[in-house]
Amino acid sequence: EHFGLNNPTGMNCLLDGTIPPSSGLSSSSALVCCAGLVTLRANGKTLSKVELAEICTKSEHYIGTEGGGMDQSISFLAEEGTAKLIEFSPLRATDVRLPSGATFVIANSCVEMNKAATSHYNIRVMECRLATKLLSKSKGLEWRKMLRLHDVQTKLGVSLEEMLTIVEEVLHPEPYSTEEICKCLGISLEELHSQILSQNMQDVSTFKLHQRAKHVYSEAARVLEFQKICSEAPANALQLLGELMKQSHISCREMYECSCPELDRLVDICLQFGAIGSRLTGAGWGGCTVSMVPTDKLNTFLKNVEKAYYQTDGQRLAVENNSLFATKPGRGALVFVEA
């Protein structure tokens with residue numbers, strides 16, 4: 001569609017991978033990005049990494065997953081030895097040098113979460129969209145055109161901290177019914193269902209707008225604070241970063257409600273055995289945690305977490321080999337060609 005190809009080149013593909021599926025480690029995005037790169041190569045076409053990331057994001061929207069573009073972006077824009085701050089509108093990536101002395105460890109809760117087969121994820125996207133519209137309306141903005149919470153902040157020209165104050169002023173913590181949303185926006189129930197709610201949201205009757213908006217703005221503030229600490233590298237950088245990770249998980253659990261008992265237990269175990277910070281990663285409702293662990297305590301940490309979480313459960317023990325590992329930033333997607 002992008003190149004106007006009427007007769008694209010056919011392919012026979014053999015697929016293999018090491019990313020556990022439904023684990024919050026972007027296995028589906030990795031597959032889409034790989035497919036995009038291979039299709040480009042087979043058809044003798046080229047695109048920039050940014051263009052390819054944006055097309056792959058649209059491809060996932062096409063099958064009904066209302067995701068952002070972060071997974072696809074890092075799949076192409078990643079570089080060895082540095083983390084990246086991903087920003088949108090326009091898409092760009094900035095190097096973030098992680099402090100020495102700590103290693104990031106991935107631990108799989110072994111609870112699978114399939115975004116394409118469940119509604120949790122898409123409901124959160126819709127709650128954020130509805131919060132965007134109510135916040136916009138309250139501030140006299142063109143709310144019908146506003147889709148993302150970031151748009152409200154941009155239009156108002158205020159800080160994330162100021163947006164959090166506005167959320168407290170405008171949105172109440174109790175769930176909103178569809179009738180109350182219609183009253184706030186001055187529209188009919190029919191218009192809400194036909195113009196705003198997506199097809200798979202038609203049966204949802206209540207939405208938590210205050211909690212979702214509060215999580216999004218506070219999480220964005222934590223991301224920028226994380227980058228600032230990495231840049232300034234104070235003596236207590238690891239402790240400060242660890243605290244941000246802990247706050248992030250609490251917000252994911254209590255405000256965005258995308259954790260699960262197994263993830264919460266795994267985070268607690270990781271903190272108990274020496275992680276400076278730990279939080280869920282990916283969409284949530286299952287999948288993995290990421291923990292920041294002092295490098296000199298890494299081996300002891302891995303043994304203790306393995307014993308406390310995996311060896312106490314036969315099902316987890318069966319997949320333990322691929323479930324707990326140290327990691328570091330690597331390169332993005334590549335095509336290997338014969339010399």
# chains A, B, ... in the order shown; residues from 1 in each chain; ligands from 1

$ select_by_dssp --residues "range 97-160 of chain A" --states "strand (DSSP E)" --output "ChimeraX atom specification"
/A:102-108

$ write_last_selection --atoms "N, CA, C and O atoms" --output "compact mmCIF listing (two decimals), in the first residue's frame"
# COMPACT_ATOMS: atom_id res chain seq x y z
N ALA A 102 25.11 -1.67 37.84
CA ALA A 102 23.83 -2.38 37.95
C ALA A 102 23.54 -3.12 36.65
O ALA A 102 23.97 -2.71 35.57
N THR A 103 22.81 -4.22 36.77
CA THR A 103 22.40 -5.03 35.63
C THR A 103 20.88 -5.16 35.66
O THR A 103 20.28 -5.25 36.74
N PHE A 104 20.28 -5.16 34.48
CA PHE A 104 18.83 -5.33 34.41
C PHE A 104 18.50 -6.81 34.19
O PHE A 104 19.07 -7.46 33.30
N VAL A 105 17.61 -7.33 35.02
CA VAL A 105 17.25 -8.75 34.99
C VAL A 105 15.78 -8.90 34.63
O VAL A 105 14.91 -8.24 35.22
N ILE A 106 15.51 -9.78 33.67
CA ILE A 106 14.13 -10.10 33.27
C ILE A 106 13.70 -11.37 33.98
O ILE A 106 14.45 -12.36 34.02
N ALA A 107 12.51 -11.35 34.55
CA ALA A 107 11.94 -12.54 35.19
C ALA A 107 10.50 -12.72 34.72
O ALA A 107 9.70 -11.80 34.83
N ASN A 108 10.21 -13.89 34.18
CA ASN A 108 8.88 -14.17 33.63
C ASN A 108 7.97 -14.73 34.72
O ASN A 108 8.31 -15.72 35.38

$ residues_around --residues "range 278-286 of chain A" --least-positions-apart "3" --cutoff "7 Å" --atoms "only C-alpha atoms" --output "ChimeraX atom specification"
/A:23-25,109,111-113,245-246,248-249,258-260,263,267,270-271,275,289-292

$ write_last_selection --atoms "C-alpha atoms" --output "compact mmCIF listing (two decimals), in the first residue's frame"
# COMPACT_ATOMS: atom_id res chain seq x y z
CA SER A 23 5.23 -12.38 28.12
CA GLY A 24 5.33 -8.59 27.78
CA LEU A 25 8.62 -8.73 25.85
CA SER A 109 5.84 -14.60 35.90
CA VAL A 111 1.29 -15.96 33.36
CA GLU A 112 0.49 -15.48 29.69
CA MET A 113 -1.40 -12.41 28.49
CA MET A 245 10.91 1.75 39.25
CA LYS A 246 9.15 0.89 42.53
CA SER A 248 6.08 2.81 38.58
CA HIS A 249 4.99 -0.67 39.62
CA CYS A 258 -2.57 -3.84 34.77
CA SER A 259 -0.67 -6.07 37.18
CA CYS A 260 -1.68 -9.48 38.56
CA LEU A 263 3.63 -10.20 38.99
CA VAL A 267 8.37 -7.95 42.18
CA CYS A 270 13.09 -9.53 43.48
CA LEU A 271 13.17 -6.59 45.93
CA ALA A 275 16.99 -5.66 43.49
CA THR A 289 9.21 -8.05 35.50
CA VAL A 290 12.39 -6.03 34.97
CA SER A 291 14.65 -5.50 37.98
CA MET A 292 17.76 -3.40 38.50

$ atom_distance --atom1 "CA of Ala221 in chain A" --atom2 "CA of Met163 in chain A"
10.4 Å

$ closest_residue --among "A:Gly274, A:Gly287, A:Gly330, A:Pro294" --to "Phe76 in chain A" --atoms "only C-alpha atoms"
A:Gly330

$ residues_around --residues "Glu257 in chain A" --least-positions-apart "6" --cutoff "10 Å" --atoms "only C-alpha atoms" --output "PDB file with C-alpha atoms, in the first residue's frame"
ATOM      1  CA  HIS A 120      -8.130  -5.397  29.105  1.00  0.00           C
ATOM      2  CA  ARG A 124      -7.307   1.036  29.018  1.00  0.00           C
ATOM      3  CA  GLN A 211      -6.910   6.683  37.714  1.00  0.00           C
ATOM      4  CA  ARG A 212      -5.824   6.078  34.106  1.00  0.00           C
ATOM      5  CA  HIS A 215      -1.032   6.962  35.861  1.00  0.00           C
ATOM      6  CA  HIS A 249       4.987  -0.670  39.620  1.00  0.00           C
ATOM      7  CA  ILE A 250       2.752   0.678  42.386  1.00  0.00           C
ATOM      8  CA  SER A 251       1.069   2.982  39.848  1.00  0.00           C
ATOM      9  CA  GLY A 284       0.885  -6.222  32.070  1.00  0.00           C
ATOM     10  CA  TRP A 285      -1.769  -8.702  33.329  1.00  0.00           C
TER      11      TRP A 285
END

$ closest_atom_pairs --of "range 30-138 of chain A" --to "range 171-178 of chain A" --cutoff "10 Å" --atoms "only C-alpha atoms" --output "JSON lines"
{"residue": "A:Glu127", "atom": "CA", "partner": "A:Tyr176", "partner_atom": "CA", "distance": 9.8}
{"residue": "A:Leu130", "atom": "CA", "partner": "A:Tyr176", "partner_atom": "CA", "distance": 9.9}
{"residue": "A:Ala131", "atom": "CA", "partner": "A:Leu171", "partner_atom": "CA", "distance": 7.9}
{"residue": "A:Leu134", "atom": "CA", "partner": "A:Leu171", "partner_atom": "CA", "distance": 8.0}
{"residue": "A:Leu135", "atom": "CA", "partner": "A:Leu171", "partner_atom": "CA", "distance": 7.7}
{"residue": "A:Ser138", "atom": "CA", "partner": "A:Leu171", "partner_atom": "CA", "distance": 9.7}

$ closest_residue --among "A:Glu225, A:Glu1, A:Glu54, A:Glu243" --to "Arg92 in chain A" --atoms "only C-alpha atoms"
A:Glu54

$ residues_around --residues "Val32 in chain A" --least-positions-apart "5" --cutoff "12 Å" --atoms "only C-alpha atoms" --output "MDAnalysis selection string"
chainID A and resid 15 26:27 37:39 52:63 69 71:73 75:76 333

$ select_by_dssp --residues "range 72-308 of chain A" --states "alpha helix (DSSP H)" --output "number ranges by chain"
A: 72-77, 120-138, 149-156, 160-170, 178-185, 189-191, 209-232, 237-254, 261-272, 298-305

$ residues_around --residues "Glu87 in chain A" --least-positions-apart "3" --cutoff "12 Å" --atoms "only C-alpha atoms" --output "count of residues only"
19

$ atom_distance --atom1 "CA of Gly277 in chain A" --atom2 "CA of Arg331 in chain A"
24.6 Å

$ residues_around --residues "Phe226 in chain A" --least-positions-apart "5" --cutoff "12 Å" --atoms "only C-alpha atoms" --output "list in words"
Ala83, Lys84, Leu85, Val96, Arg97, Leu98, Pro99, Glu219, Ala220, Ala221, Ser231, Glu232, Ala233, Pro234, Ala237, Leu238, Gln239, Leu240, Leu241, Gly242, Glu243, Leu244, Met245, Gln247 and Ser248 of chain A

$ residues_around --residues "range 153-156 of chain A" --least-positions-apart "4" --cutoff "9 Å" --atoms "only C-alpha atoms" --output "ChimeraX atom specification"
/A:139,141,149,160,162-163

$ write_last_selection --atoms "N, CA and C atoms" --output "mmCIF file, in the first residue's frame"
data_model
loop_
_atom_site.group_PDB
_atom_site.id
_atom_site.type_symbol
_atom_site.label_atom_id
_atom_site.label_comp_id
_atom_site.auth_asym_id
_atom_site.auth_seq_id
_atom_site.Cartn_x
_atom_site.Cartn_y
_atom_site.Cartn_z
ATOM 1 N N LYS A 139 -11.443 22.322 29.624
ATOM 2 C CA LYS A 139 -10.512 23.430 29.398
ATOM 3 C C LYS A 139 -10.826 24.208 28.115
ATOM 4 N N LEU A 141 -11.061 23.186 25.025
ATOM 5 C CA LEU A 141 -10.341 22.770 23.813
ATOM 6 C C LEU A 141 -11.298 22.054 22.853
ATOM 7 N N LEU A 149 -3.827 11.793 25.771
ATOM 8 C CA LEU A 149 -3.602 12.647 26.933
ATOM 9 C C LEU A 149 -2.447 13.622 26.679
ATOM 10 N N LEU A 160 3.885 18.280 33.126
ATOM 11 C CA LEU A 160 3.222 17.046 33.554
ATOM 12 C C LEU A 160 2.680 17.189 34.971
ATOM 13 N N GLU A 162 1.633 19.938 36.343
ATOM 14 C CA GLU A 162 0.423 20.754 36.257
ATOM 15 C C GLU A 162 -0.751 19.943 35.718
ATOM 16 N N MET A 163 -0.474 19.021 34.794
ATOM 17 C CA MET A 163 -1.549 18.152 34.274
ATOM 18 C C MET A 163 -2.101 17.261 35.382
#
